[in-house]
Structures are given as C-alpha cells and as structure tokens.
>>> print(open('run21.tsv').read())   # TSV, C-alpha atoms
chain	number	residue	atom	x	y	z
A	1	MET	CA	48.23	1.98	-19.89
A	2	ALA	CA	52.01	2.14	-19.49
A	3	GLU	CA	52.35	5.90	-18.91
A	4	HIS	CA	51.80	6.96	-15.30
A	5	LEU	CA	49.39	9.89	-15.06
A	6	THR	CA	49.20	12.73	-12.61
A	7	ARG	CA	45.44	12.84	-12.13
A	8	LEU	CA	42.45	10.75	-13.08
A	9	TRP	CA	38.72	11.26	-12.75
A	10	VAL	CA	36.65	8.10	-12.33
A	11	GLY	CA	32.94	8.07	-13.07
A	12	ILE	CA	30.82	5.29	-11.58
A	13	ASP	CA	27.48	4.31	-13.07
A	14	ALA	CA	26.19	2.37	-10.06
A	15	GLY	CA	23.80	-0.57	-10.21
A	16	LYS	CA	22.54	-3.38	-8.02
A	17	ALA	CA	24.30	-6.25	-9.79
A	18	HIS	CA	27.31	-4.41	-11.22
A	19	HIS	CA	28.88	-0.99	-11.69
A	20	TRP	CA	30.55	0.50	-14.74
A	21	LEU	CA	33.72	2.45	-13.98
A	22	ALA	CA	35.31	4.82	-16.49
A	23	ALA	CA	38.47	6.85	-15.85
A	24	VAL	CA	39.46	9.93	-17.87
A	25	ASP	CA	42.70	11.90	-17.82
A	26	GLU	CA	43.23	15.67	-17.83
A	27	THR	CA	42.44	15.88	-21.55
A	28	GLY	CA	39.16	13.94	-21.24
A	29	ALA	CA	40.55	10.82	-22.93
A	30	THR	CA	39.43	7.45	-21.58
A	31	ALA	CA	42.22	5.76	-19.64
A	32	TRP	CA	40.27	2.85	-18.15
A	33	SER	CA	36.71	1.58	-18.63
A	34	ARG	CA	35.23	-1.69	-17.40
A	35	LYS	CA	32.18	-3.36	-15.88
A	36	VAL	CA	32.77	-4.39	-12.26
A	37	ASN	CA	30.55	-6.76	-10.33
A	38	ASN	CA	29.07	-5.44	-7.08
A	39	ASP	CA	31.32	-7.77	-5.12
A	40	GLU	CA	34.09	-6.95	-2.68
A	41	SER	CA	36.86	-8.84	-4.47
A	42	ALA	CA	35.95	-7.45	-7.90
A	43	ILE	CA	35.73	-3.89	-6.58
A	44	LEU	CA	39.07	-4.18	-4.78
A	45	THR	CA	40.72	-5.49	-7.97
A	46	ALA	CA	39.38	-2.56	-9.99
A	47	LEU	CA	40.34	-0.13	-7.25
A	48	GLY	CA	43.93	-1.38	-7.25
A	49	GLU	CA	44.23	-1.13	-11.05
A	50	ILE	CA	42.90	2.43	-11.16
A	51	LEU	CA	45.00	3.69	-8.26
A	52	ALA	CA	48.10	2.29	-9.97
A	53	LEU	CA	47.45	4.48	-13.03
A	54	ALA	CA	47.79	7.91	-11.43
A	55	ASP	CA	49.13	9.77	-8.42
A	56	GLU	CA	45.78	11.44	-7.68
A	57	VAL	CA	42.36	9.92	-8.38
A	58	HIS	CA	39.02	11.70	-8.06
A	59	TRP	CA	35.87	9.60	-7.79
A	60	ALA	CA	32.31	10.50	-8.78
A	61	VAL	CA	29.12	8.42	-8.52
A	62	ASP	CA	25.57	9.06	-9.67
A	63	ILE	CA	23.79	7.06	-6.94
A	64	ALA	CA	24.76	7.44	-3.29
A	65	GLY	CA	22.38	4.82	-1.92
A	66	THR	CA	22.19	1.17	-1.09
A	67	ALA	CA	23.36	0.09	-4.55
A	68	SER	CA	26.71	1.83	-4.10
A	69	ALA	CA	27.08	1.32	-0.34
A	70	LEU	CA	29.76	-1.39	-0.58
A	71	LEU	CA	31.73	0.53	-3.20
A	72	LEU	CA	31.67	3.76	-1.17
A	73	ALA	CA	32.69	1.91	2.00
A	74	LEU	CA	35.67	0.34	0.23
A	75	LEU	CA	36.71	3.72	-1.18
A	76	ALA	CA	36.55	5.26	2.28
A	77	ALA	CA	38.58	2.38	3.71
A	78	HIS	CA	41.33	3.16	1.20
A	79	GLY	CA	41.32	6.89	1.93
A	80	GLN	CA	39.47	7.83	-1.25
A	81	ARG	CA	36.62	10.37	-1.32
A	82	ALA	CA	33.81	10.46	-3.85
A	83	VAL	CA	31.47	13.21	-4.96
A	84	SER	CA	27.85	12.88	-5.97
A	85	VAL	CA	26.87	13.87	-9.51
A	86	PRO	CA	23.04	14.13	-9.61
A	87	GLY	CA	21.20	12.11	-12.21
A	88	ARG	CA	19.60	15.27	-13.60
A	89	THR	CA	23.06	16.70	-14.30
A	90	VAL	CA	24.21	13.48	-15.97
A	91	ASN	CA	21.11	13.44	-18.15
A	92	ARG	CA	21.61	17.02	-19.31
A	93	MET	CA	25.34	16.64	-19.84
A	94	SER	CA	24.81	13.57	-22.02
A	95	GLY	CA	23.31	15.81	-24.71
A	96	ALA	CA	26.58	17.73	-24.96
A	97	TYR	CA	28.48	14.67	-26.23
A	98	ARG	CA	28.43	13.12	-29.66
A	99	GLY	CA	25.92	10.39	-30.40
A	100	GLU	CA	22.58	9.39	-28.91
A	101	ALA	CA	23.52	6.01	-27.47
A	102	LYS	CA	22.52	5.21	-23.90
A	103	THR	CA	24.88	2.69	-22.30
A	104	ASP	CA	26.44	2.20	-18.88
A	105	ALA	CA	29.90	2.86	-20.32
A	106	ARG	CA	28.76	6.16	-21.83
A	107	ASP	CA	27.04	7.24	-18.60
A	108	ALA	CA	30.17	6.43	-16.58
A	109	TYR	CA	32.27	8.47	-19.00
A	110	VAL	CA	29.87	11.43	-18.77
A	111	ILE	CA	29.99	11.28	-14.96
A	112	ALA	CA	33.80	11.22	-14.98
A	113	ASP	CA	34.16	14.06	-17.49
A	114	THR	CA	31.56	16.15	-15.68
A	115	ALA	CA	33.49	15.73	-12.42
A	116	ARG	CA	36.63	16.79	-14.30
A	117	LEU	CA	34.99	19.97	-15.57
A	118	ARG	CA	33.11	20.91	-12.42
A	119	ARG	CA	34.60	21.07	-8.92
A	120	ASP	CA	31.49	22.12	-6.97
A	121	PHE	CA	29.84	18.75	-6.39
A	122	SER	CA	29.22	17.76	-2.79
A	123	SER	CA	31.38	14.99	-1.37
A	124	ILE	CA	29.92	11.74	-0.05
A	125	ASP	CA	30.83	10.71	3.46
A	126	VAL	CA	30.25	7.18	4.69
A	127	PRO	CA	27.91	7.76	7.66
A	128	ALA	CA	28.89	6.87	11.19
A	129	GLN	CA	27.10	4.03	12.94
A	130	LEU	CA	24.64	6.36	14.68
A	131	ALA	CA	23.69	8.17	11.47
A	132	ALA	CA	23.36	4.86	9.60
A	133	ASP	CA	21.06	3.46	12.29
A	134	LEU	CA	18.88	6.57	12.24
A	135	ALA	CA	18.73	6.50	8.44
A	136	LEU	CA	17.47	2.92	8.46
A	137	LEU	CA	14.93	3.55	11.22
A	138	THR	CA	13.50	6.75	9.72
A	139	ALA	CA	13.26	5.18	6.25
A	140	HIS	CA	11.46	2.16	7.69
A	141	ARG	CA	9.09	4.43	9.60
A	142	THR	CA	8.29	6.33	6.39
A	143	ASP	CA	7.44	3.06	4.65
A	144	LEU	CA	5.15	1.99	7.50
A	145	ILE	CA	3.31	5.31	7.44
A	146	ALA	CA	2.82	4.97	3.68
A	147	ASP	CA	1.39	1.46	4.21
A	148	ARG	CA	-0.96	2.80	6.89
A	149	VAL	CA	-2.26	5.58	4.63
A	150	ARG	CA	-2.86	3.08	1.82
A	151	MET	CA	-4.76	0.72	4.15
A	152	LEU	CA	-6.87	3.55	5.55
A	153	ASN	CA	-7.87	4.62	2.06
A	154	ARG	CA	-8.75	1.03	1.18
A	155	LEU	CA	-10.76	0.66	4.40
A	156	ARG	CA	-12.79	3.77	3.70
A	157	ASP	CA	-13.43	2.70	0.12
A	158	VAL	CA	-14.71	-0.78	1.06
A	159	LEU	CA	-16.73	0.50	4.02
A	160	THR	CA	-18.39	3.17	1.88
A	161	GLY	CA	-19.67	0.44	-0.41
A	162	ILE	CA	-21.59	-1.35	2.36
A	163	PHE	CA	-22.07	1.12	5.23
A	164	PRO	CA	-21.53	4.78	4.18
A	165	ALA	CA	-23.10	6.19	7.35
A	166	LEU	CA	-20.51	4.44	9.55
A	167	GLU	CA	-17.70	5.52	7.24
A	168	ARG	CA	-18.70	9.17	7.76
A	169	ALA	CA	-19.16	8.79	11.52
A	170	PHE	CA	-15.50	8.41	12.53
A	171	ASP	CA	-12.06	9.67	11.60
A	172	TYR	CA	-10.36	6.30	11.33
A	173	ALA	CA	-6.90	7.82	10.97
A	174	ASP	CA	-6.94	9.05	14.60
A	175	HIS	CA	-9.71	7.03	16.28
A	176	LYS	CA	-8.41	3.73	17.60
A	177	GLY	CA	-11.79	2.87	19.13
A	178	ALA	CA	-13.48	3.05	15.73
A	179	LEU	CA	-10.92	0.61	14.30
A	180	ILE	CA	-11.48	-1.79	17.20
A	181	LEU	CA	-15.23	-1.55	16.54
A	182	LEU	CA	-14.68	-2.58	12.90
A	183	THR	CA	-12.75	-5.70	13.93
A	184	GLY	CA	-16.01	-7.09	15.38
A	185	TYR	CA	-18.91	-5.25	13.74
A	186	GLN	CA	-19.03	-3.89	10.21
A	187	THR	CA	-22.68	-4.03	9.09
A	188	PRO	CA	-25.79	-2.15	10.30
A	189	ALA	CA	-27.65	-5.34	11.18
A	190	SER	CA	-24.85	-6.72	13.37
A	191	ILE	CA	-24.59	-3.45	15.31
A	192	ARG	CA	-28.35	-3.28	15.86
A	193	ARG	CA	-28.46	-6.89	17.06
A	194	ARG	CA	-25.73	-6.19	19.60
A	195	GLY	CA	-27.54	-3.22	21.16
A	196	GLN	CA	-26.31	-0.19	23.09
A	197	VAL	CA	-25.52	-1.82	26.43
A	198	SER	CA	-23.89	-4.95	25.08
A	199	LEU	CA	-21.85	-3.03	22.48
A	200	THR	CA	-20.62	-0.59	25.13
A	201	ALA	CA	-19.52	-3.48	27.34
A	202	TRP	CA	-17.79	-5.15	24.37
A	203	LEU	CA	-15.83	-1.98	23.60
A	204	ALA	CA	-14.99	-1.36	27.25
A	205	GLY	CA	-13.60	-4.89	27.53
A	206	ARG	CA	-11.12	-3.97	24.77
A	207	ASN	CA	-9.98	-0.78	26.53
A	208	VAL	CA	-11.68	1.62	24.11
A	209	ARG	CA	-11.78	5.19	25.37
A	210	ASN	CA	-15.34	6.57	25.81
A	211	PRO	CA	-17.00	3.28	24.81
A	212	ASP	CA	-20.52	4.64	25.36
A	213	SER	CA	-19.96	7.50	22.90
A	214	VAL	CA	-18.51	5.13	20.26
A	215	ALA	CA	-21.42	2.71	20.68
A	216	THR	CA	-23.99	5.51	20.43
A	217	THR	CA	-22.44	6.88	17.24
A	218	ALA	CA	-22.31	3.41	15.69
A	219	LEU	CA	-25.96	2.67	16.60
A	220	ASN	CA	-27.12	5.99	15.14
A	221	ALA	CA	-25.35	5.12	11.89
A	222	ALA	CA	-26.86	1.59	11.92
A	223	ASN	CA	-30.39	2.94	12.46
A	224	ALA	CA	-29.96	5.15	9.40
A	225	GLN	CA	-29.50	2.15	7.04
A	226	HIS	CA	-31.73	-0.94	6.80
A	227	THR	CA	-30.87	-2.01	3.26
A	228	MET	CA	-28.49	-4.92	2.74
A	229	LEU	CA	-26.17	-4.20	-0.17
A	230	PRO	CA	-24.72	-6.84	-2.57
A	231	GLY	CA	-21.47	-8.37	-1.35
A	232	GLN	CA	-21.98	-7.02	2.16
A	233	GLU	CA	-20.85	-10.12	4.04
A	234	MET	CA	-17.70	-10.55	1.97
A	235	ALA	CA	-16.86	-6.84	2.28
A	236	ALA	CA	-17.43	-7.01	6.05
A	237	GLY	CA	-14.73	-9.64	6.37
A	238	ILE	CA	-12.33	-7.51	4.31
A	239	VAL	CA	-13.05	-4.45	6.48
A	240	ALA	CA	-12.34	-6.43	9.65
A	241	ASP	CA	-9.07	-7.75	8.22
A	242	ILE	CA	-7.88	-4.28	7.14
A	243	ALA	CA	-8.81	-2.81	10.54
A	244	MET	CA	-6.73	-5.46	12.32
A	245	GLN	CA	-3.78	-4.77	10.01
A	246	ILE	CA	-3.97	-1.03	10.74
A	247	LEU	CA	-4.02	-1.69	14.49
A	248	ALA	CA	-0.99	-3.96	14.11
A	249	LEU	CA	0.77	-1.25	12.10
A	250	ASP	CA	0.06	1.25	14.87
A	251	ASP	CA	1.80	-1.04	17.36
A	252	ARG	CA	4.79	-1.37	15.04
A	253	LEU	CA	4.95	2.41	14.63
A	254	LYS	CA	4.94	2.90	18.39
A	255	HIS	CA	7.81	0.44	18.71
A	256	ILE	CA	9.91	2.05	15.97
A	257	ASP	CA	9.22	5.53	17.38
A	258	GLN	CA	10.61	4.33	20.68
A	259	GLN	CA	13.68	2.95	18.91
A	260	ILE	CA	14.26	6.23	17.08
A	261	ARG	CA	13.89	8.16	20.33
A	262	GLN	CA	16.43	5.98	22.13
A	263	VAL	CA	19.00	6.04	19.31
A	264	PHE	CA	18.58	9.76	18.62
A	265	ARG	CA	19.14	10.73	22.25
A	266	THR	CA	22.56	9.08	22.17
A	267	HIS	CA	23.66	11.80	19.73
A	268	PRO	CA	25.87	14.35	21.52
A	269	GLN	CA	23.79	17.30	20.22
A	270	ALA	CA	20.35	15.72	20.60
A	271	HIS	CA	19.44	17.82	23.64
A	272	ILE	CA	20.27	21.00	21.71
A	273	ILE	CA	18.17	20.01	18.69
A	274	GLU	CA	15.22	18.99	20.87
A	275	SER	CA	15.34	22.28	22.78
A	276	LEU	CA	14.17	24.16	19.67
A	277	PRO	CA	10.35	24.35	19.76
A	278	GLY	CA	8.77	22.00	17.25
A	279	MET	CA	11.80	19.71	16.95
A	280	GLY	CA	11.01	16.40	18.61
A	281	PRO	CA	13.07	13.21	18.44
A	282	ILE	CA	11.53	12.07	15.13
A	283	LEU	CA	12.21	15.30	13.24
A	284	GLY	CA	15.54	15.58	15.05
A	285	ALA	CA	16.56	12.17	13.77
A	286	GLU	CA	15.47	13.09	10.25
A	287	PHE	CA	17.52	16.30	10.51
A	288	ILE	CA	20.67	14.36	11.43
A	289	VAL	CA	20.12	11.96	8.53
A	290	ALA	CA	19.34	14.67	5.96
A	291	SER	CA	22.00	17.19	6.98
A	292	GLY	CA	24.94	14.79	7.39
A	293	ASP	CA	28.13	16.43	8.56
A	294	LEU	CA	27.34	20.03	9.56
A	295	ALA	CA	30.97	20.94	8.87
A	296	ALA	CA	30.04	20.83	5.18
A	297	TYR	CA	27.97	24.01	5.65
A	298	PRO	CA	30.21	27.06	6.25
A	299	ASP	CA	27.31	29.10	7.65
A	300	ALA	CA	23.56	29.05	8.22
A	301	GLY	CA	22.92	30.41	4.73
A	302	HIS	CA	24.45	27.32	3.13
A	303	LEU	CA	22.29	25.08	5.31
A	304	ALA	CA	19.18	27.07	4.36
A	305	SER	CA	20.15	26.88	0.70
A	306	ALA	CA	20.55	23.10	0.96
A	307	ALA	CA	17.03	22.96	2.43
A	308	GLY	CA	15.59	24.96	-0.46
A	309	LEU	CA	14.63	27.91	1.76
A	310	VAL	CA	16.66	30.49	-0.18
A	311	PRO	CA	15.14	31.82	-3.44
A	312	VAL	CA	17.25	31.77	-6.57
A	313	PRO	CA	17.33	34.59	-9.16
A	314	ARG	CA	16.18	34.09	-12.73
A	315	ASP	CA	17.20	37.28	-14.46
A	316	SER	CA	17.58	37.88	-18.18
A	317	GLY	CA	18.38	41.15	-19.90
A	318	ARG	CA	16.40	43.98	-18.37
A	319	ARG	CA	14.34	41.61	-16.27
A	320	THR	CA	15.99	41.61	-12.88
A	321	GLY	CA	14.92	40.80	-9.37
A	322	ASN	CA	12.98	37.67	-10.34
A	323	LEU	CA	13.30	35.27	-7.41
A	324	HIS	CA	11.92	31.74	-7.65
A	325	ARG	CA	11.81	28.59	-5.58
A	326	PRO	CA	14.90	26.44	-6.23
A	327	LYS	CA	14.56	23.08	-7.96
A	328	ARG	CA	17.64	21.34	-6.59
A	329	TYR	CA	17.67	20.97	-2.83
A	330	SER	CA	17.36	18.35	-0.11
A	331	ARG	CA	13.70	17.35	0.21
A	332	GLY	CA	14.43	15.76	3.56
A	333	LEU	CA	15.91	18.93	5.04
A	334	ARG	CA	13.09	21.08	3.71
A	335	ARG	CA	10.52	18.70	5.20
A	336	VAL	CA	12.20	18.83	8.62
A	337	PHE	CA	12.31	22.62	8.81
A	338	TYR	CA	8.83	23.10	7.34
A	339	LEU	CA	7.11	20.59	9.66
A	340	SER	CA	8.97	21.82	12.73
A	341	ALA	CA	8.04	25.42	11.92
A	342	GLN	CA	4.41	24.46	11.42
A	343	THR	CA	4.41	22.61	14.75
A	344	SER	CA	6.06	25.48	16.61
A	345	ILE	CA	3.25	27.97	15.83
A	346	ILE	CA	0.69	25.94	17.77
A	347	ARG	CA	1.85	27.35	21.11
A	348	GLU	CA	2.45	30.91	22.19
A	349	GLY	CA	5.99	32.14	21.80
A	350	PRO	CA	8.40	33.86	19.42
A	351	ASN	CA	7.70	31.36	16.63
A	352	ARG	CA	3.97	32.06	16.66
A	353	ASP	CA	4.58	35.80	16.98
A	354	TYR	CA	6.83	35.78	13.90
A	355	TYR	CA	4.28	33.71	11.96
A	356	LEU	CA	1.46	36.14	12.83
A	357	LYS	CA	3.69	39.05	11.88
A	358	LYS	CA	4.21	37.57	8.41
A	359	ARG	CA	0.49	36.90	8.04
A	360	ALA	CA	-0.22	40.54	8.96
A	361	GLU	CA	2.21	41.61	6.24
A	362	GLY	CA	0.03	39.82	3.68
A	363	CYS	CA	1.81	36.46	3.41
A	364	LYS	CA	-0.27	33.34	2.92
A	365	HIS	CA	0.03	30.43	5.35
A	366	VAL	CA	2.66	28.52	3.36
A	367	GLN	CA	4.71	31.66	2.72
A	368	ALA	CA	4.64	32.59	6.40
A	369	VAL	CA	5.69	29.07	7.46
A	370	ILE	CA	8.57	29.07	4.96
A	371	ALA	CA	9.72	32.47	6.22
A	372	LEU	CA	9.61	31.14	9.78
A	373	ALA	CA	11.51	28.00	8.73
A	374	ARG	CA	14.23	30.17	7.21
A	375	ARG	CA	14.56	32.11	10.45
A	376	ARG	CA	14.69	28.89	12.46
A	377	VAL	CA	17.63	27.65	10.37
A	378	ASP	CA	19.68	30.57	11.67
A	379	VAL	CA	18.60	29.86	15.23
A	380	LEU	CA	19.39	26.13	15.09
A	381	TRP	CA	22.71	26.81	13.41
A	382	ALA	CA	23.71	29.24	16.17
A	383	LEU	CA	22.63	26.82	18.89
A	384	LEU	CA	24.70	23.98	17.41
A	385	ARG	CA	27.67	26.28	16.85
A	386	ASP	CA	27.65	27.59	20.42
A	387	GLY	CA	26.59	24.33	22.05
A	388	ARG	CA	23.74	25.87	24.05
A	389	LEU	CA	20.03	25.23	24.49
A	390	PHE	CA	17.26	27.34	23.02
A	391	SER	CA	15.98	30.16	25.20
A	392	THR	CA	13.61	33.03	24.55
A	393	GLN	CA	16.12	35.34	26.24
A	394	PRO	CA	19.04	36.44	24.05
A	395	PRO	CA	22.51	35.40	25.27
A	396	SER	CA	24.44	37.93	27.32
A	397	VAL	CA	27.31	39.61	25.52
A	398	CYS	CA	30.50	39.88	27.53
A	399	PRO	CA	32.70	42.95	26.98
A	400	ALA	CA	35.87	42.31	25.04
>>> encode(input="run21.tsv", output="structure tokens")
Amino acid sequence: MAEHLTRLWVGIDAGKAHHWLAAVDETGATAWSRKVNNDESAILTALGEILALADEVHWAVDIAGTASALLLALLAAHGQRAVSVPGRTVNRMSGAYRGEAKTDARDAYVIADTARLRRDFSSIDVPAQLAADLALLTAHRTDLIADRVRMLNRLRDVLTGIFPALERAFDYADHKGALILLTGYQTPASIRRRGQVSLTAWLAGRNVRNPDSVATTALNAANAQHTMLPGQEMAAGIVADIAMQILALDDRLKHIDQQIRQVFRTHPQAHIIESLPGMGPILGAEFIVASGDLAAYPDAGHLASAAGLVPVPRDSGRRTGNLHRPKRYSRGLRRVFYLSAQTSIIREGPNRDYYLKKRAEGCKHVQAVIALARRRVDVLWALLRDGRLFSTQPPSVCPA
C-alpha cells in the first residue's frame, strides 16, 4: 500500500504453527492480511512491513498463551503493546459481519476491527522473569494434582473390585501409610498370611506412622472377606503399581512446593501477601501469576471485579436491582481469594468473626465465604498500597 496511514489496528489469530495477521485502517478497510509462520524471522519481517504502513499501530490477539509467546515477546522488544480480545467476544462479533465463513483471515479481521471499535480491552504485558517462573511452576503443580486425583480414583475403582472392605477402611488421598500398605499387600489372603505382628513390623520398617493401627485396620478388613474374586491377582498388581505412582507423585509435589516457596519469597511483596491469614506461598504465587501488574487496577474495586467478586446488574424496563454473578472474570484470581478466605475461617480472628456474622444474617456457606473474600480484597489491596504487614489492630492516623 503506497499511501502512508496515520493509524492501523492489527488483529492476530494466533496458532501453534502459524499466525494470521490482518491490519485495518480507520475506515475498517483491510490494509494488510497474511499468514505468518510462528518463527522469529517471519514474524520480524511481518512486523517491519506493518510498522512501515502507519505512524501508530495497535495490536490485538485472541490467545495470550504459549502459542503467541514469541510474537508477544517480539512486539514488546520493539516497543509495541497488544491487547487481549477474548475468544467469546470474537465469536459473537463474527455474527455481525457478512457471510458465514470461518477462516483464519476472517477471524484476524474481526479481531482487528473489534479492537478498532472498542478501546476497553486489557493490555498484555510480557511477564518478568519471576512471574514467568511462578506461572510455569504453578501450572505444573496443577497438572500433577490432576494426575494424582485421576490415579486415586482409578485405585479406588480397581480395589473395590477385589477388596471393597479395604477400600472403605482408609482415606487414600491423605493416608500415606495406607498407600505404602498397598504396595506390598492388596488381597485379603495375603494380609491374613502376614499376620498382625509381622505386618506391623513391615510397616514400621517403611516409616509408616502408627503401624499397629494400620495393620489392625487392614486385618479387620481381611477377616471380613474370604472369597477370591475373578481377576484378583492381576488387579492386585495394578493396585500396587498405582499406589507406587501416587507415592512418587507425592514426592514430586513436595519438591515443586519447595521450589514455589523459594521463588515466591524472592518477590519484594511476598512477606506482605503471606501476612494475610489464609495466604500461604502457594496461593500467594498463584495471586502474583493471576493478577499480573497491580498498577492495572486503579483501586480495590477493579481488582475485586477482575476476580468476579462484584455482582453485575441485569435490569430491563421496570425490572431493576437484579444482581447476578458475572460471567467474564479471572478464574485464577477468584480461586485464590475464595480458597484463602475459606482457609482463614479455620482459626479464631476477624476473618472467622466476619464469616459467622454473615452466616447469622442468613447467608449460606458459599455466600458467606464470597462476602469474606470480597472484604479481603480491600484489605490486601490496602496492605500492598501502603507496604505494611497485616495486623488485627487498625493503623494509627496521624494528624494533618
């Protein structure tokens, strides 16, 4: 395009192998549209061509994840900032344009034109090294926990098919001794052959807490079943293998928790975040990852709104005052504030007092926890703003 433009809006339909970039001018006409490989040289070439077309270029992308990480990093290196256009918005806006085709070029155009029409999308900042490390560690921890839950469910299912009494006897999610027992003994006959004294010594040799109690519970379950079920020997081997995998996962989780704790405590405001009751290093790390740059939130209300803790009105005509739970918010932020609020009510203090107050007013448990989480957003915001630790005593006000 020979004519030099004043402003351009570039929409990016991101993908793993390639991206489609479409640029529109102030009238919505397409000025540049092309498929670009997810490669540094190809992205830099496209970046140079687009920047040469206009004095001011605005960038918008639909996926701000690993697929667009290289592209966003190169934009940041060249002083360009991008905004995030949610996929839901792109999907709904597509119906406002002519035709029913679904192509990468069309999606990129819709993203660009939507960014041209709307100026309220949140900007994407390339995270600092600390935030990037915490994001990787917390995401990996979430995956490991999901694997552990899946294995526990599989363990219970297989064990129920051959030894239901033993499956009911222990809570395998929190009882390491029961998992160690399953690595060696999975059937009623094998437990009975071992006997109380020998089984207790076997468990004690593997550092099981209260080995006598575990052995007694297992023997009681074994004495309740004398029937050998079909496939019992094969299932016993599967149970032992799953139990060993769960124990190995527990060791990996302990290691990654230690990593998260060490990295999180290098954050300059980690001690302030941890001072709030219920906010440990794990939830603190997730808060840093989910919130990003706190400068993007002008006040505590904006942070609470981003966490989905502020109801939104749905009024129409004479129907007013209808407040509902929002649909678009950060699930990660909401999880952090909800879990930390739920943890904080375990011990005596202002958090538990506020929770009990809400319950006395007729709120259900979830409603009371959400109300507490909303209050805690204000507290955490004030602590981070003032750079002070949490205290049950209000700060002293100095005369002007």
>>> residues_around(input="run21.tsv", residues="A:Asp25", least_positions_apart="6", cutoff="10 Å", atoms="only C-alpha atoms", output="list in words")
Leu5, Thr6, Arg7, Leu8, Trp9, Val10, Ala31, Trp32, Ala54, Val57, Ala112, Asp113 and Arg116 of chain A
>>> closest_residue(input="run21.tsv", among="A:Leu247, A:Ile63, A:Ile124, A:Ala270", to="A:Leu182", atoms="all atoms listed in the file")
A:Leu247
>>> atom_distance(input="run21.tsv", atom1="atom CA of A:Arg88", atom2="atom CA of A:Ala108")
14.1 Å
>>> closest_residue(input="run21.tsv", among="A:Ala382, A:Val369, A:Ala169, A:Leu72", to="A:Asn351", atoms="all atoms listed in the file")
A:Val369
>>> closest_residue(input="run21.tsv", among="A:Thr200, A:Asn322, A:Gln186, A:Asn91", to="A:Asp62", atoms="all atoms listed in the file")
A:Asn91
>>> residues_near_point(input="run21.tsv", point="(-14.1, 2.0, 15.8)", cutoff="12 Å", atoms="all atoms listed in the file", output="number ranges by chain")
A: 155, 166-186, 191, 199-200, 202-204, 206-219, 239-240, 243-244, 246-247
>>> closest_residue(input="run21.tsv", among="A:Lys358, A:Ala285, A:Asp107, A:Phe163", to="A:Ala139", atoms="all atoms listed in the file")
A:Ala285
>>> atom_distance(input="run21.tsv", atom1="atom CA of A:Leu75", atom2="atom CA of A:Ser305")
28.5 Å
>>> atom_distance(input="run21.tsv", atom1="atom CA of A:Ser330", atom2="atom CA of A:Thr392")
28.9 Å
>>> residues_near_point(input="run21.tsv", point="(17.1, 28.1, 2.4)", cutoff="10 Å", atoms="all atoms listed in the file", output="NGL selection string")
:A and (300-312 or 325-326 or 329 or 333-334 or 337 or 370-371 or 373-375 or 377-378)
>>> closest_residue(input="run21.tsv", among="A:Thr89, A:Ala82, A:Asp13, A:Ala42", to="A:Ala67", atoms="only C-alpha atoms")
A:Asp13
>>> closest_residue(input="run21.tsv", among="A:Gln196, A:Ser340, A:Ser275, A:Thr160", to="A:Arg388", atoms="all atoms listed in the file")
A:Ser275
>>> build_atoms(input="run21.tsv", residues="stretch 76-87 of chain A", atoms="N, CA, C and O atoms", output="tab-separated table (two decimals), in the frame of the given file")
chain	number	residue	atom	x	y	z
A	76	ALA	N	36.21	4.58	1.03
A	76	ALA	CA	36.55	5.26	2.28
A	76	ALA	C	37.63	4.51	3.05
A	76	ALA	O	38.51	5.12	3.67
A	77	ALA	N	37.58	3.18	3.01
A	77	ALA	CA	38.58	2.38	3.71
A	77	ALA	C	39.97	2.56	3.12
A	77	ALA	O	40.98	2.36	3.81
A	78	HIS	N	40.04	2.94	1.85
A	78	HIS	CA	41.33	3.16	1.20
A	78	HIS	C	41.68	4.64	1.11
A	78	HIS	O	42.56	5.04	0.32
A	79	GLY	N	40.99	5.48	1.88
A	79	GLY	CA	41.32	6.89	1.93
A	79	GLY	C	40.90	7.67	0.71
A	79	GLY	O	41.45	8.75	0.43
A	80	GLN	N	39.95	7.16	-0.05
A	80	GLN	CA	39.47	7.83	-1.25
A	80	GLN	C	38.11	8.47	-0.97
A	80	GLN	O	37.27	7.87	-0.31
A	81	ARG	N	37.89	9.66	-1.50
A	81	ARG	CA	36.62	10.37	-1.32
A	81	ARG	C	35.92	10.50	-2.66
A	81	ARG	O	36.57	10.72	-3.69
A	82	ALA	N	34.61	10.37	-2.62
A	82	ALA	CA	33.81	10.46	-3.85
A	82	ALA	C	32.84	11.62	-3.74
A	82	ALA	O	32.44	12.02	-2.64
A	83	VAL	N	32.48	12.15	-4.90
A	83	VAL	CA	31.47	13.21	-4.96
A	83	VAL	C	30.23	12.65	-5.63
A	83	VAL	O	30.29	11.65	-6.37
A	84	SER	N	29.11	13.31	-5.39
A	84	SER	CA	27.85	12.88	-5.97
A	84	SER	C	27.49	13.77	-7.15
A	84	SER	O	27.39	14.99	-7.00
A	85	VAL	N	27.32	13.16	-8.31
A	85	VAL	CA	26.87	13.87	-9.51
A	85	VAL	C	25.39	13.52	-9.71
A	85	VAL	O	25.08	12.38	-10.03
A	86	PRO	N	24.47	14.46	-9.52
A	86	PRO	CA	23.04	14.13	-9.61
A	86	PRO	C	22.66	13.57	-10.98
A	86	PRO	O	23.27	13.91	-12.00
A	87	GLY	N	21.66	12.70	-10.96
A	87	GLY	CA	21.20	12.11	-12.21
A	87	GLY	C	20.70	13.12	-13.20
A	87	GLY	O	20.85	12.96	-14.43
